[in-house]
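Notes follow the structure.
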Amino acid sequence: MKYLVPTLALLALWQGIVWLGDMPAFILPSPLRVATALWSNAGLILQHAGVTLAEVLAGLVLGALLGAATALAMAVSPFARSLIRPALVLTQALPVFALAPILTLWLGYGLWSKVLMAVLIIYFPVASAFFDGLMRTPAGWLDLARVMGAPKRSVLWHMRVPAAIPSLASGLRLAAVYAPIGAIIGEWVGASQGLGYLMLLANGRAKIDLMFAALIVLAAMTLLLHRAVGWACDRAVARMG
């Protein structure tokens with residue numbers, strides 16, 4: 001319900017711009033025209049949305065697992081930290097979007113080039129957030145574990161990881177928003193299915209209302225994914241707490 005008022009205000013602003021600016025439909029279609037396109041092309045849009053959702057979920061899971069594993073490796077091994085941390089920083093100097101044509105060339109127009117784009121775009125936020133959490137375990141806890149002679153493995157899994165769960169949750173919330181961006185960029189570069197492909201196809205055929213309809217579905221999907229990941233993270237943090 002908290003999104004209802006902002007959504008209605010945005011729709012009213014949109015309609016006002018169309019009326020006052022006398023915008024032609026091929027530049028900015030009205031909300032009613034977009035809603036009509038969404039309804040009349042529901043089957044087509046849902047078909048492509050399913051493809052994009054599969055790419056996003058696969059990229060989110062793989063990117064989260066890879067990022068968490070990297071953070072754990074850096075936290076327990078100074079040698080791994082000296083190797084991986086500079087590489088992580090250097091990878092951020094290269095725009096991930098620029099890799100999309102290369103990934104499409106290597107992996108083709110199918111699912112995996114988009115999945116890998118999603119993985120690359122969320123890998124750094126997850127790894128960085130979780131690593132920061134692992135390195136910020138309260139000093140009192142670590143002193144107590146040292147006095148009691150707790151093994152390093154027990155300290156890691158029973159103390160440092162639970163204390164870092166809120167940081168990991170923050171990284172995952174960002175990942176839920178970033179993952180669709182990676183998938184869509186991959187579809188724009190080269191695809192035969194997905195919402196990104198449908199948007200390009202609609203734009204090329206001057207069906208701007210269909211393009212906006214696909215964009216709205218993408219936004220709704222991203223919002224629902226963010227809420228679902230946030231709910232799961234809140235449950236995990238509460239359980240650890």
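Scheme for the structure tokens: letters A, B, ... for chains in order shown; per-chain residue numbers from 1; ligand numbers from 1 in order shown.
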For segment 97-104 of chain A: contacts at 10 Å, only C-alpha atoms, fewer than 4 positions along chain excluded, given as a PyMOL selection string: chain A and resi 108-114+116-117+120-121+181-183+185-191
Would you save the residues from that selection as a PDB file, in the first residue's frame, using N, CA and C atoms?
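Dumped to part17.pdb:
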```
ATOM      1  N   GLY A 108      27.398 -17.006 -26.890  1.00  0.00           N
ATOM      2  CA  GLY A 108      26.260 -17.066 -27.794  1.00  0.00           C
ATOM      3  C   GLY A 108      25.083 -16.236 -27.310  1.00  0.00           C
ATOM      4  N   TYR A 109      23.963 -16.384 -28.008  1.00  0.00           N
ATOM      5  CA  TYR A 109      22.778 -15.577 -27.753  1.00  0.00           C
ATOM      6  C   TYR A 109      21.821 -16.223 -26.752  1.00  0.00           C
ATOM      7  N   GLY A 110      22.242 -17.319 -26.161  1.00  0.00           N
ATOM      8  CA  GLY A 110      21.369 -18.040 -25.250  1.00  0.00           C
ATOM      9  C   GLY A 110      21.362 -17.485 -23.843  1.00  0.00           C
ATOM     10  N   LEU A 111      21.011 -18.343 -22.901  1.00  0.00           N
ATOM     11  CA  LEU A 111      20.781 -17.951 -21.515  1.00  0.00           C
ATOM     12  C   LEU A 111      22.057 -17.508 -20.803  1.00  0.00           C
ATOM     13  N   TRP A 112      23.177 -18.225 -21.046  1.00  0.00           N
ATOM     14  CA  TRP A 112      24.320 -18.083 -20.153  1.00  0.00           C
ATOM     15  C   TRP A 112      25.080 -16.774 -20.300  1.00  0.00           C
ATOM     16  N   SER A 113      25.047 -16.161 -21.460  1.00  0.00           N
ATOM     17  CA  SER A 113      25.707 -14.859 -21.578  1.00  0.00           C
ATOM     18  C   SER A 113      25.006 -13.819 -20.706  1.00  0.00           C
ATOM     19  N   LYS A 114      23.688 -13.915 -20.592  1.00  0.00           N
ATOM     20  CA  LYS A 114      22.931 -12.983 -19.741  1.00  0.00           C
ATOM     21  C   LYS A 114      23.122 -13.297 -18.268  1.00  0.00           C
ATOM     22  N   LEU A 116      25.773 -14.659 -16.937  1.00  0.00           N
ATOM     23  CA  LEU A 116      27.112 -14.214 -16.553  1.00  0.00           C
ATOM     24  C   LEU A 116      27.182 -12.703 -16.411  1.00  0.00           C
ATOM     25  N   MET A 117      26.442 -11.970 -17.235  1.00  0.00           N
ATOM     26  CA  MET A 117      26.381 -10.512 -17.069  1.00  0.00           C
ATOM     27  C   MET A 117      25.790 -10.158 -15.712  1.00  0.00           C
ATOM     28  N   LEU A 120      28.389 -10.918 -12.986  1.00  0.00           N
ATOM     29  CA  LEU A 120      29.467  -9.935 -12.923  1.00  0.00           C
ATOM     30  C   LEU A 120      29.023  -8.633 -12.265  1.00  0.00           C
ATOM     31  N   ILE A 121      27.783  -8.254 -12.494  1.00  0.00           N
ATOM     32  CA  ILE A 121      27.339  -6.956 -11.987  1.00  0.00           C
ATOM     33  C   ILE A 121      27.003  -6.994 -10.501  1.00  0.00           C
ATOM     34  N   ILE A 181      19.501  -5.541 -14.247  1.00  0.00           N
ATOM     35  CA  ILE A 181      20.230  -4.646 -15.145  1.00  0.00           C
ATOM     36  C   ILE A 181      21.191  -5.446 -16.012  1.00  0.00           C
ATOM     37  N   GLY A 182      21.925  -6.370 -15.380  1.00  0.00           N
ATOM     38  CA  GLY A 182      22.858  -7.187 -16.138  1.00  0.00           C
ATOM     39  C   GLY A 182      22.167  -8.029 -17.190  1.00  0.00           C
ATOM     40  N   ALA A 183      21.043  -8.647 -16.813  1.00  0.00           N
ATOM     41  CA  ALA A 183      20.316  -9.488 -17.765  1.00  0.00           C
ATOM     42  C   ALA A 183      19.789  -8.673 -18.943  1.00  0.00           C
ATOM     43  N   ILE A 185      20.909  -5.750 -20.110  1.00  0.00           N
ATOM     44  CA  ILE A 185      22.022  -5.307 -20.960  1.00  0.00           C
ATOM     45  C   ILE A 185      22.460  -6.433 -21.887  1.00  0.00           C
ATOM     46  N   GLY A 186      22.543  -7.647 -21.339  1.00  0.00           N
ATOM     47  CA  GLY A 186      22.900  -8.788 -22.168  1.00  0.00           C
ATOM     48  C   GLY A 186      21.895  -9.038 -23.275  1.00  0.00           C
ATOM     49  N   GLU A 187      20.613  -8.862 -22.973  1.00  0.00           N
ATOM     50  CA  GLU A 187      19.573  -9.053 -23.989  1.00  0.00           C
ATOM     51  C   GLU A 187      19.621  -7.959 -25.045  1.00  0.00           C
ATOM     52  N   TRP A 188      19.977  -6.759 -24.654  1.00  0.00           N
ATOM     53  CA  TRP A 188      20.093  -5.681 -25.638  1.00  0.00           C
ATOM     54  C   TRP A 188      21.224  -5.949 -26.630  1.00  0.00           C
ATOM     55  N   VAL A 189      22.299  -6.534 -26.135  1.00  0.00           N
ATOM     56  CA  VAL A 189      23.447  -6.781 -27.012  1.00  0.00           C
ATOM     57  C   VAL A 189      23.148  -7.897 -27.996  1.00  0.00           C
ATOM     58  N   GLY A 190      22.505  -8.958 -27.515  1.00  0.00           N
ATOM     59  CA  GLY A 190      22.202 -10.061 -28.413  1.00  0.00           C
ATOM     60  C   GLY A 190      21.322 -11.096 -27.760  1.00  0.00           C
ATOM     61  N   ALA A 191      20.105 -11.244 -28.252  1.00  0.00           N
ATOM     62  CA  ALA A 191      19.179 -12.227 -27.693  1.00  0.00           C
ATOM     63  C   ALA A 191      18.045 -12.446 -28.679  1.00  0.00           C
TER      64      ALA A 191
END
```
Using only C-alpha atoms, what table do you get, as a tab-separated table, when you list each residue of segment 112-175 of chain A with an atom no more than 6 Å from segment 66-77 of chain A, its nearest pair of atoms, and their distance in Å rounded to one decimal, rows by chain then rising number?
```
residue	atom	partner	partner_atom	distance
A:Tyr123	CA	A:Gly67	CA	5.1
A:Val126	CA	A:Gly67	CA	5.2
A:Ala127	CA	A:Gly67	CA	4.1
A:Phe130	CA	A:Ala71	CA	6.0
A:Phe131	CA	A:Ala71	CA	4.6
```
Near-segment 212-223 of chain A list (10 Å; only C-alpha atoms; drop same-chain fewer than 2 positions) as number ranges by chain: A: 28-31, 33-39, 41-42, 44-46, 48-49, 52-53, 56, 176-181, 184, 194-199, 202-203, 207-210, 225-229
Selection near segment 231-240 of chain A, 12 Å with only C-alpha atoms, sequence-local residues under 3 positions removed, as a list in words: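 Returned residues: Trp157, His158, Met159, Arg160, Val161, Pro162, Ala163, Ala164, Ile165, Pro166, Ser167, Leu168, Ala169, Ser170, Gly171, Leu172, Arg173, Leu174, Ala176, Leu224, Leu225, His226, Arg227 and Ala228 of chain A.
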In segment 10-50 of chain A, DSSP helix (DSSP H, G or I) residues written as a ChimeraX atom specification: /A:10-21,31-40,42-50
